[in-house]
Amino acid sequence: MTTQTLIYIFVGLSFALYIGIAIWSRAGSTREFYVAGGGVHPVVNGMATAADWMSAASFISMAGLIAFLGYDGSVYLMGWTGGYVMLALLLAPYLRKFGEFTVPDFIGTRFYSKAARTVAVICLIFISFTYIAGQMRGVGIVFSRFLDVEVEIGVVIGMAIVFVYAVLGGMKGITYTQVAQYCVMIFAYLVPAIFISLLITGNPVPQLGLGSVVNDGSGLTVLQKLDESLQMMGFGAYTQGSKSAVDVFCITAALMVGTAGLPHVIVRFFTVPKASDARRSAGWALVFIALLYTTAPAVAAFARINFNDSVHQTAYQDAPAWFTNWEANNLIAWQDKNGDGVMQVASGDAFEGAPEYLEQTGASGERLLANAPVAGSDNEVYVDRDIMVLANPEIANLPGWVIALVAAGGLAAALSTAAGLLLVISAAVSHDLLKSTFRPEISEKGELRAARLAASAAIIVAGFLGIYPPGWVAQVVAFAFGLAAASLFPAIFMGIFTKSMNREGAIAGMVSGLAFTFLYIAYFKLWAPQANVAANWLLGISPEGIGIIGMLINFSVAIIVAKFTPPPPQEIGQLVEMIRVPRGARQAREH
């Protein structure tokens, strides 16, 4: 059986499973559509949360970024993991005790304002659509390579699949679908990692293989070999970073705080019966997440070793099959700058922009490019970082069923998070804007219909953003975390832990934090990408890390405005007390 046939079987069976679960668990009420009825078991919710949180950025892109950024790429690993711990300990139990459907629900009630609720919805939509662009891009990349279609067509196929189980099943369908997707995803990540660790180091445990000696007789460990080979090719050492300390700190902090403000992760804690279950499900989710996140650094290092060994100083006519497979999808390319017919990998960009092929072929049979070469760079190879995890089994010559498994896992990762984000968007429109703000008299049936229509419209917008994303998957996701850090997190934090924060302060803080962060990112990534260098950054902070400054602006503006505006009503103080004080503590204190 060919590898392509196995891919069709694995992907087809996984899709059949997801759609079958959606039909079986079809939501029949708004409570089932928004929070799965509020009765999900903590272990099940922990697994679904892990799948929801470990997006295409985690499965597809994070290891690819670490493979090419080395030490600098560890900010994604530290930030996302630390952020989940912050969310689990700092926010999740309190929000579950509040007992509503959505994050704007909490903000609207806590800050006693429809305007605050509306601003929270706007922030949520900005964050969610920025985040979902990365997921749909990941779906397109997987389909492009493994089903042999254009990236754009792959995005459209992904939209259709998500439409079926997100719009039909709501949170109830998504929860149980995400449990299945987690199982597919983690198996697809660990199996090739174990295989490749055995091939490179002889150690079957990837986490230990990262520090083991390479099986090439050199006596070097994996990291020592990477440092030596990369420096010979003109790169910096793999274990040394080039980013400034302030930028590393800000990116890590923005990712941590942004994780704690992500609405599609927070809403998962509304699906369990009580606050103690929210804590338990958060703990289980951390266990499930750790399986992938402790493996990612090893996957990144192994991928870079295999990539260097199979591409650098290899004649194009002898290029491995995996290279030409991904080249056909415009995700890897070679430009013969010196005319020797041999591929050289070095630091810097090979040419300007993404590959743009001409009709002609070169002397070595390569597809000629219209792109202008980058002056002063000896690098001849362009590689989309997002392909490294997906291509890893092919590069290592693993069996076809492993390649098919990785294809199914990559799709599971992207689709699980995309579905969660779409549900958050639809709930924000139907519940927070329509039901709670503009049409409170709407029936439950009408609200459910509006939620499904909103999810359908969101899928169309998400598909467009997936076709035209402003960066690699993990980078696009990093911007979403920055927006969350600058807008929703401060409002949620102050809403739980301060009684004095009023609606005027919360609204002013959210608007100022979101506006500053969005404009900063848009300037360097959309309007003036040529200016996106450290010399032009505010305080040396890159767009990926600017969310932490947006957060500080949010806190500062909110506190200042609150001082000069009326305090919140007495019942709001009682609400905060109810959220923060453990059940039974007040009675014990009175006795």
# chains A, B, ... in the order shown; residues from 1 in each chain; ligands from 1

$ residues_around --residues "Gly547 of chain A" --least-positions-apart "6" --cutoff "9 Å" --atoms "only C-alpha atoms" --output "count of residues only"
20

$ closest_residue --among "A:Leu124, A:Ala188, A:Val272, A:Ala48" --to "Pro93 of chain A" --atoms "only C-alpha atoms"
A:Val272

$ residues_around --residues "Pro566 of chain A" --least-positions-apart "6" --cutoff "10 Å" --atoms "only C-alpha atoms" --output "PDB file with N, CA, C and O atoms, in the first residue's frame"
ATOM      1  N   SER A 500     -12.458  47.804  43.624  1.00  0.00           N
ATOM      2  CA  SER A 500     -12.558  49.233  43.305  1.00  0.00           C
ATOM      3  C   SER A 500     -12.570  49.534  41.816  1.00  0.00           C
ATOM      4  O   SER A 500     -12.899  50.654  41.422  1.00  0.00           O
ATOM      5  N   MET A 501     -12.215  48.576  40.960  1.00  0.00           N
ATOM      6  CA  MET A 501     -12.180  48.866  39.523  1.00  0.00           C
ATOM      7  C   MET A 501     -13.613  49.026  38.993  1.00  0.00           C
ATOM      8  O   MET A 501     -14.448  48.146  39.184  1.00  0.00           O
ATOM      9  N   ASN A 502     -13.855  50.154  38.323  1.00  0.00           N
ATOM     10  CA  ASN A 502     -15.198  50.432  37.826  1.00  0.00           C
ATOM     11  C   ASN A 502     -15.282  50.247  36.311  1.00  0.00           C
ATOM     12  O   ASN A 502     -14.287  49.894  35.657  1.00  0.00           O
ATOM     13  N   ARG A 503     -16.467  50.471  35.750  1.00  0.00           N
ATOM     14  CA  ARG A 503     -16.673  50.202  34.328  1.00  0.00           C
ATOM     15  C   ARG A 503     -15.880  51.170  33.452  1.00  0.00           C
ATOM     16  O   ARG A 503     -15.342  50.780  32.413  1.00  0.00           O
ATOM     17  N   GLU A 504     -15.804  52.443  33.860  1.00  0.00           N
ATOM     18  CA  GLU A 504     -15.076  53.426  33.057  1.00  0.00           C
ATOM     19  C   GLU A 504     -13.599  53.051  32.937  1.00  0.00           C
ATOM     20  O   GLU A 504     -13.007  53.135  31.859  1.00  0.00           O
ATOM     21  N   GLY A 505     -13.016  52.648  34.063  1.00  0.00           N
ATOM     22  CA  GLY A 505     -11.610  52.265  34.041  1.00  0.00           C
ATOM     23  C   GLY A 505     -11.372  51.025  33.196  1.00  0.00           C
ATOM     24  O   GLY A 505     -10.435  50.968  32.401  1.00  0.00           O
TER      25      GLY A 505
END

$ closest_residue --among "A:Tyr94, A:Tyr382, A:Phe555, A:Trp322" --to "Phe489 of chain A" --atoms "only C-alpha atoms"
A:Phe555

$ select_by_dssp --residues "segment 58-158 of chain A" --states "alpha helix (DSSP H)" --output "ChimeraX atom specification"
/A:62-69,74-86,92-98,103-110,114-146,151-158

$ write_last_selection --atoms "C-alpha atoms" --output "short mmCIF file (atom, residue, chain, number, x, y, z; two decimals), in the first residue's frame"
data_model
loop_
_atom_site.label_atom_id
_atom_site.label_comp_id
_atom_site.auth_asym_id
_atom_site.auth_seq_id
_atom_site.Cartn_x
_atom_site.Cartn_y
_atom_site.Cartn_z
CA MET A 62 6.62 25.52 17.36
CA ALA A 63 9.25 22.81 16.79
CA GLY A 64 9.93 24.28 13.34
CA LEU A 65 10.61 27.69 14.85
CA ILE A 66 12.86 26.20 17.54
CA ALA A 67 14.68 24.19 14.85
CA PHE A 68 15.65 27.37 13.00
CA LEU A 69 15.80 29.86 15.87
CA SER A 74 12.47 28.63 23.46
CA VAL A 75 10.43 31.75 24.28
CA TYR A 76 7.40 30.06 22.72
CA LEU A 77 7.92 26.94 24.81
CA MET A 78 8.38 28.84 28.08
CA GLY A 79 5.69 31.43 27.45
CA TRP A 80 2.88 29.10 26.46
CA THR A 81 3.59 26.55 29.19
CA GLY A 82 3.99 29.15 31.92
CA GLY A 83 0.87 30.92 30.73
CA TYR A 84 -1.24 27.82 31.08
CA VAL A 85 -0.07 27.38 34.68
CA MET A 86 -0.98 31.01 35.35
CA ALA A 92 -9.94 29.38 35.95
CA PRO A 93 -11.53 28.46 39.32
CA TYR A 94 -12.86 31.98 39.91
CA LEU A 95 -14.38 32.28 36.45
CA ARG A 96 -16.03 28.87 36.82
CA LYS A 97 -17.51 29.94 40.16
CA PHE A 98 -18.96 32.99 38.43
CA VAL A 103 -15.69 35.94 29.00
CA PRO A 104 -17.72 39.01 27.87
CA ASP A 105 -20.48 37.70 30.17
CA PHE A 106 -18.12 38.03 33.11
CA ILE A 107 -16.80 41.44 32.05
CA GLY A 108 -20.28 42.80 31.29
CA THR A 109 -21.68 41.67 34.65
CA ARG A 110 -18.62 42.50 36.77
CA LYS A 114 -23.35 46.77 28.25
CA ALA A 115 -20.60 48.99 26.85
CA ALA A 116 -17.95 46.97 28.73
CA ARG A 117 -19.50 43.77 27.40
CA THR A 118 -19.42 45.14 23.84
CA VAL A 119 -15.79 46.25 24.16
CA ALA A 120 -14.91 42.79 25.47
CA VAL A 121 -16.64 41.23 22.45
CA ILE A 122 -14.62 43.46 20.10
CA CYS A 123 -11.39 42.47 21.88
CA LEU A 124 -12.40 38.82 21.74
CA ILE A 125 -13.12 38.97 18.01
CA PHE A 126 -9.78 40.68 17.29
CA ILE A 127 -7.94 38.01 19.28
CA SER A 128 -9.88 35.05 17.92
CA PHE A 129 -9.64 35.98 14.26
CA THR A 130 -5.92 36.70 14.59
CA TYR A 131 -5.47 33.32 16.25
CA ILE A 132 -7.68 31.40 13.83
CA ALA A 133 -5.68 32.68 10.83
CA GLY A 134 -2.78 30.56 12.04
CA GLN A 135 -4.96 27.48 12.49
CA MET A 136 -6.48 27.67 9.01
CA ARG A 137 -3.04 28.28 7.52
CA GLY A 138 -1.88 25.11 9.27
CA VAL A 139 -4.81 23.18 7.83
CA GLY A 140 -3.97 24.47 4.34
CA ILE A 141 -0.31 23.43 4.63
CA VAL A 142 -1.19 19.89 5.73
CA PHE A 143 -3.75 19.43 2.97
CA SER A 144 -1.45 21.02 0.42
CA ARG A 145 1.31 18.49 0.91
CA PHE A 146 -0.51 15.33 1.87
CA VAL A 151 -2.78 25.62 0.13
CA GLU A 152 -5.85 27.73 -0.63
CA ILE A 153 -7.91 24.64 -1.55
CA GLY A 154 -6.69 22.95 1.62
CA VAL A 155 -8.02 25.86 3.69
CA VAL A 156 -11.42 25.56 2.00
CA ILE A 157 -11.57 21.80 2.75
CA GLY A 158 -10.71 22.52 6.37
#

$ closest_residue --among "A:Gln317, A:Ser229, A:Ser218, A:Gln570" --to "Trp334 of chain A" --atoms "only C-alpha atoms"
A:Gln317

$ atom_distance --atom1 "atom CA of Phe111 of chain A" --atom2 "atom CA of Tyr520 of chain A"
27.8 Å

$ atom_distance --atom1 "atom CA of Asp309 of chain A" --atom2 "atom CA of Met233 of chain A"
11.8 Å

$ closest_residue --among "A:Gly545, A:Asn215, A:Asp378, A:Gly446" --to "Leu198 of chain A" --atoms "only C-alpha atoms"
A:Asn215

$ residues_around --residues "Trp537 of chain A" --least-positions-apart "2" --cutoff "12 Å" --atoms "only C-alpha atoms" --output "PyMOL selection string"
chain A and resi 244+246-247+520-521+523-524+529+531-535+539-546

$ write_last_selection --atoms "N, CA, C and O atoms" --output "tab-separated table (two decimals), in the first residue's frame"
chain	number	residue	atom	x	y	z
A	244	SER	N	17.78	40.20	22.19
A	244	SER	CA	18.17	40.89	23.41
A	244	SER	C	17.41	40.33	24.60
A	244	SER	O	16.32	39.75	24.45
A	246	VAL	N	15.82	41.90	26.90
A	246	VAL	CA	14.53	42.56	27.11
A	246	VAL	C	13.47	42.01	26.16
A	246	VAL	O	12.31	41.83	26.55
A	247	ASP	N	13.86	41.69	24.92
A	247	ASP	CA	12.89	41.16	23.97
A	247	ASP	C	12.48	39.74	24.35
A	247	ASP	O	11.30	39.36	24.27
A	520	TYR	N	0.72	48.76	16.75
A	520	TYR	CA	2.16	48.46	16.73
A	520	TYR	C	2.44	47.24	15.85
A	520	TYR	O	3.32	47.25	15.00
A	521	ILE	N	1.64	46.17	16.07
A	521	ILE	CA	1.83	44.95	15.27
A	521	ILE	C	1.52	45.22	13.81
A	521	ILE	O	2.25	44.80	12.90
A	523	TYR	N	1.66	47.97	12.13
A	523	TYR	CA	2.67	48.82	11.48
A	523	TYR	C	3.85	47.99	11.00
A	523	TYR	O	4.27	48.08	9.84
A	524	PHE	N	4.40	47.15	11.88
A	524	PHE	CA	5.62	46.41	11.53
A	524	PHE	C	5.34	45.17	10.67
A	524	PHE	O	6.24	44.71	9.97
A	529	PRO	N	6.68	46.44	6.75
A	529	PRO	CA	7.47	45.27	7.16
A	529	PRO	C	8.97	45.47	6.99
A	529	PRO	O	9.77	44.85	7.70
A	531	ALA	N	10.60	47.91	7.89
A	531	ALA	CA	11.10	48.61	9.08
A	531	ALA	C	11.15	47.71	10.30
A	531	ALA	O	11.54	48.15	11.39
A	532	ASN	N	10.77	46.44	10.15
A	532	ASN	CA	10.69	45.52	11.29
A	532	ASN	C	12.07	44.99	11.68
A	532	ASN	O	12.37	43.80	11.51
A	533	VAL	N	12.89	45.88	12.22
A	533	VAL	CA	14.22	45.52	12.72
A	533	VAL	C	14.38	46.13	14.11
A	533	VAL	O	13.70	47.09	14.48
A	534	ALA	N	15.29	45.54	14.88
A	534	ALA	CA	15.43	45.91	16.30
A	534	ALA	C	15.68	47.40	16.49
A	534	ALA	O	15.23	47.99	17.48
A	535	ALA	N	16.39	48.03	15.55
A	535	ALA	CA	16.71	49.45	15.70
A	535	ALA	C	15.46	50.33	15.72
A	535	ALA	O	15.48	51.43	16.28
A	539	LEU	N	11.79	50.51	22.63
A	539	LEU	CA	12.56	49.92	23.73
A	539	LEU	C	13.19	48.58	23.36
A	539	LEU	O	13.52	47.77	24.22
A	540	GLY	N	13.36	48.35	22.05
A	540	GLY	CA	13.95	47.10	21.59
A	540	GLY	C	13.02	45.91	21.68
A	540	GLY	O	13.47	44.75	21.66
A	541	ILE	N	11.71	46.15	21.74
A	541	ILE	CA	10.72	45.08	21.90
A	541	ILE	C	10.06	44.80	20.55
A	541	ILE	O	9.50	45.69	19.92
A	542	SER	N	10.12	43.54	20.12
A	542	SER	CA	9.57	43.14	18.83
A	542	SER	C	8.04	43.11	18.87
A	542	SER	O	7.44	43.13	19.95
A	543	PRO	N	7.38	43.04	17.70
A	543	PRO	CA	5.91	42.94	17.68
A	543	PRO	C	5.39	41.73	18.45
A	543	PRO	O	4.31	41.78	19.03
A	544	GLU	N	6.16	40.62	18.47
A	544	GLU	CA	5.72	39.44	19.21
A	544	GLU	C	5.66	39.69	20.72
A	544	GLU	O	4.91	39.01	21.42
A	545	GLY	N	6.45	40.63	21.23
A	545	GLY	CA	6.51	40.87	22.67
A	545	GLY	C	5.82	42.14	23.13
A	545	GLY	O	5.75	42.41	24.33
A	546	ILE	N	5.29	42.93	22.19
A	546	ILE	CA	4.76	44.26	22.55
A	546	ILE	C	3.49	44.16	23.39
A	546	ILE	O	3.11	45.12	24.06

$ closest_residue --among "A:Met343, A:Ala414, A:Leu390, A:Met510" --to "Val402 of chain A" --atoms "only C-alpha atoms"
A:Leu390

$ closest_residue --among "A:Thr252, A:Asn371, A:Asn325, A:Ser512" --to "Leu358 of chain A" --atoms "only C-alpha atoms"
A:Asn371

$ atom_distance --atom1 "atom CA of Gln530 of chain A" --atom2 "atom CA of Ile387 of chain A"
24.8 Å

$ residues_around --residues "Ala508 of chain A" --least-positions-apart "6" --cutoff "8 Å" --atoms "only C-alpha atoms" --output "VMD selection string"
chain A and resid 554 557 to 558 561

$ residues_around --residues "Thr2 of chain A" --least-positions-apart "5" --cutoff "12 Å" --atoms "only C-alpha atoms" --output "MDAnalysis selection string"
chainID A and resid 7:9 399:401 403:404

$ residues_around --residues "Leu190 of chain A" --least-positions-apart "5" --cutoff "9 Å" --atoms "only C-alpha atoms" --output "VMD selection string"
chain A and resid 185 195 206 291 to 292 295

$ select_by_dssp --residues "segment 354-580 of chain A" --states "strand (DSSP E)" --output "list in words"
Tyr357, Leu358, Glu359, Gln360, Thr361, Arg367, Leu368, Leu369, Val381, Tyr382 and Val383 of chain A

$ decode --residues "segment 233-319 of chain A" --atoms "C-alpha atoms" --output "mmCIF file, in the first residue's frame"
data_model
loop_
_atom_site.group_PDB
_atom_site.id
_atom_site.type_symbol
_atom_site.label_atom_id
_atom_site.label_comp_id
_atom_site.auth_asym_id
_atom_site.auth_seq_id
_atom_site.Cartn_x
_atom_site.Cartn_y
_atom_site.Cartn_z
ATOM 1 C CA MET A 233 27.514 26.866 7.852
ATOM 2 C CA GLY A 234 27.649 30.494 8.987
ATOM 3 C CA PHE A 235 24.859 30.435 11.582
ATOM 4 C CA GLY A 236 25.150 31.283 15.247
ATOM 5 C CA ALA A 237 25.388 28.446 17.762
ATOM 6 C CA TYR A 238 22.105 26.590 18.251
ATOM 7 C CA THR A 239 22.335 26.917 22.035
ATOM 8 C CA GLN A 240 23.006 30.663 21.974
ATOM 9 C CA GLY A 241 20.386 33.296 21.212
ATOM 10 C CA SER A 242 20.632 36.507 19.235
ATOM 11 C CA LYS A 243 17.626 38.286 20.724
ATOM 12 C CA SER A 244 18.173 40.894 23.410
ATOM 13 C CA ALA A 245 17.322 39.985 26.992
ATOM 14 C CA VAL A 246 14.530 42.563 27.112
ATOM 15 C CA ASP A 247 12.886 41.155 23.969
ATOM 16 C CA VAL A 248 13.130 37.566 25.223
ATOM 17 C CA PHE A 249 11.575 38.636 28.522
ATOM 18 C CA CYS A 250 8.767 40.587 26.858
ATOM 19 C CA ILE A 251 7.877 37.857 24.346
ATOM 20 C CA THR A 252 7.818 35.222 27.099
ATOM 21 C CA ALA A 253 5.754 37.450 29.394
ATOM 22 C CA ALA A 254 3.327 38.410 26.613
ATOM 23 C CA LEU A 255 2.789 34.761 25.725
ATOM 24 C CA MET A 256 2.262 33.836 29.380
ATOM 25 C CA VAL A 257 -0.189 36.622 30.147
ATOM 26 C CA GLY A 258 -1.868 36.222 26.768
ATOM 27 C CA THR A 259 -2.496 32.536 27.450
ATOM 28 C CA ALA A 260 -4.287 33.486 30.651
ATOM 29 C CA GLY A 261 -6.518 35.836 28.639
ATOM 30 C CA LEU A 262 -7.399 33.558 25.722
ATOM 31 C CA PRO A 263 -11.188 33.297 25.573
ATOM 32 C CA HIS A 264 -11.401 29.890 23.883
ATOM 33 C CA VAL A 265 -9.289 28.310 26.649
ATOM 34 C CA ILE A 266 -11.067 30.120 29.486
ATOM 35 C CA VAL A 267 -14.498 29.000 28.264
ATOM 36 C CA ARG A 268 -13.456 25.348 28.675
ATOM 37 C CA PHE A 269 -13.566 25.835 32.449
ATOM 38 C CA PHE A 270 -17.259 26.771 32.234
ATOM 39 C CA THR A 271 -18.066 23.231 31.009
ATOM 40 C CA VAL A 272 -17.381 21.385 34.297
ATOM 41 C CA PRO A 273 -19.930 21.055 37.150
ATOM 42 C CA LYS A 274 -18.163 23.145 39.824
ATOM 43 C CA ALA A 275 -15.091 25.262 40.640
ATOM 44 C CA SER A 276 -13.140 22.373 42.190
ATOM 45 C CA ASP A 277 -13.644 20.448 38.945
ATOM 46 C CA ALA A 278 -12.156 23.417 37.055
ATOM 47 C CA ARG A 279 -8.993 23.044 39.138
ATOM 48 C CA ARG A 280 -8.866 19.302 38.541
ATOM 49 C CA SER A 281 -9.427 19.611 34.801
ATOM 50 C CA ALA A 282 -6.690 22.267 34.641
ATOM 51 C CA GLY A 283 -4.284 19.861 36.338
ATOM 52 C CA TRP A 284 -5.160 17.029 33.952
ATOM 53 C CA ALA A 285 -4.781 19.355 30.976
ATOM 54 C CA LEU A 286 -1.291 20.287 32.154
ATOM 55 C CA VAL A 287 -0.327 16.600 32.225
ATOM 56 C CA PHE A 288 -1.666 16.054 28.708
ATOM 57 C CA ILE A 289 0.030 19.231 27.428
ATOM 58 C CA ALA A 290 3.379 18.263 28.995
ATOM 59 C CA LEU A 291 3.545 15.101 26.871
ATOM 60 C CA LEU A 292 3.912 17.234 23.745
ATOM 61 C CA TYR A 293 5.741 20.245 25.146
ATOM 62 C CA THR A 294 8.562 18.248 26.745
ATOM 63 C CA THR A 295 9.016 16.432 23.423
ATOM 64 C CA ALA A 296 9.062 19.512 21.170
ATOM 65 C CA PRO A 297 12.696 20.610 21.826
ATOM 66 C CA ALA A 298 13.953 17.129 20.890
ATOM 67 C CA VAL A 299 11.781 17.053 17.752
ATOM 68 C CA ALA A 300 13.191 20.459 16.757
ATOM 69 C CA ALA A 301 16.815 19.418 17.233
ATOM 70 C CA PHE A 302 16.392 16.101 15.412
ATOM 71 C CA ALA A 303 14.598 17.837 12.521
ATOM 72 C CA ARG A 304 17.421 20.367 12.110
ATOM 73 C CA ILE A 305 20.104 17.657 12.118
ATOM 74 C CA ASN A 306 18.252 15.611 9.494
ATOM 75 C CA PHE A 307 17.522 18.688 7.388
ATOM 76 C CA ASN A 308 21.169 19.811 7.379
ATOM 77 C CA ASP A 309 22.465 16.311 6.607
ATOM 78 C CA SER A 310 20.062 15.694 3.719
ATOM 79 C CA VAL A 311 20.165 19.138 2.025
ATOM 80 C CA HIS A 312 23.423 21.008 2.666
ATOM 81 C CA GLN A 313 26.105 20.342 0.024
ATOM 82 C CA THR A 314 23.807 17.918 -1.815
ATOM 83 C CA ALA A 315 23.582 18.119 -5.618
ATOM 84 C CA TYR A 316 20.078 19.110 -6.641
ATOM 85 C CA GLN A 317 19.912 16.164 -9.013
ATOM 86 C CA ASP A 318 20.476 13.913 -5.977
ATOM 87 C CA ALA A 319 17.940 15.750 -3.812
#
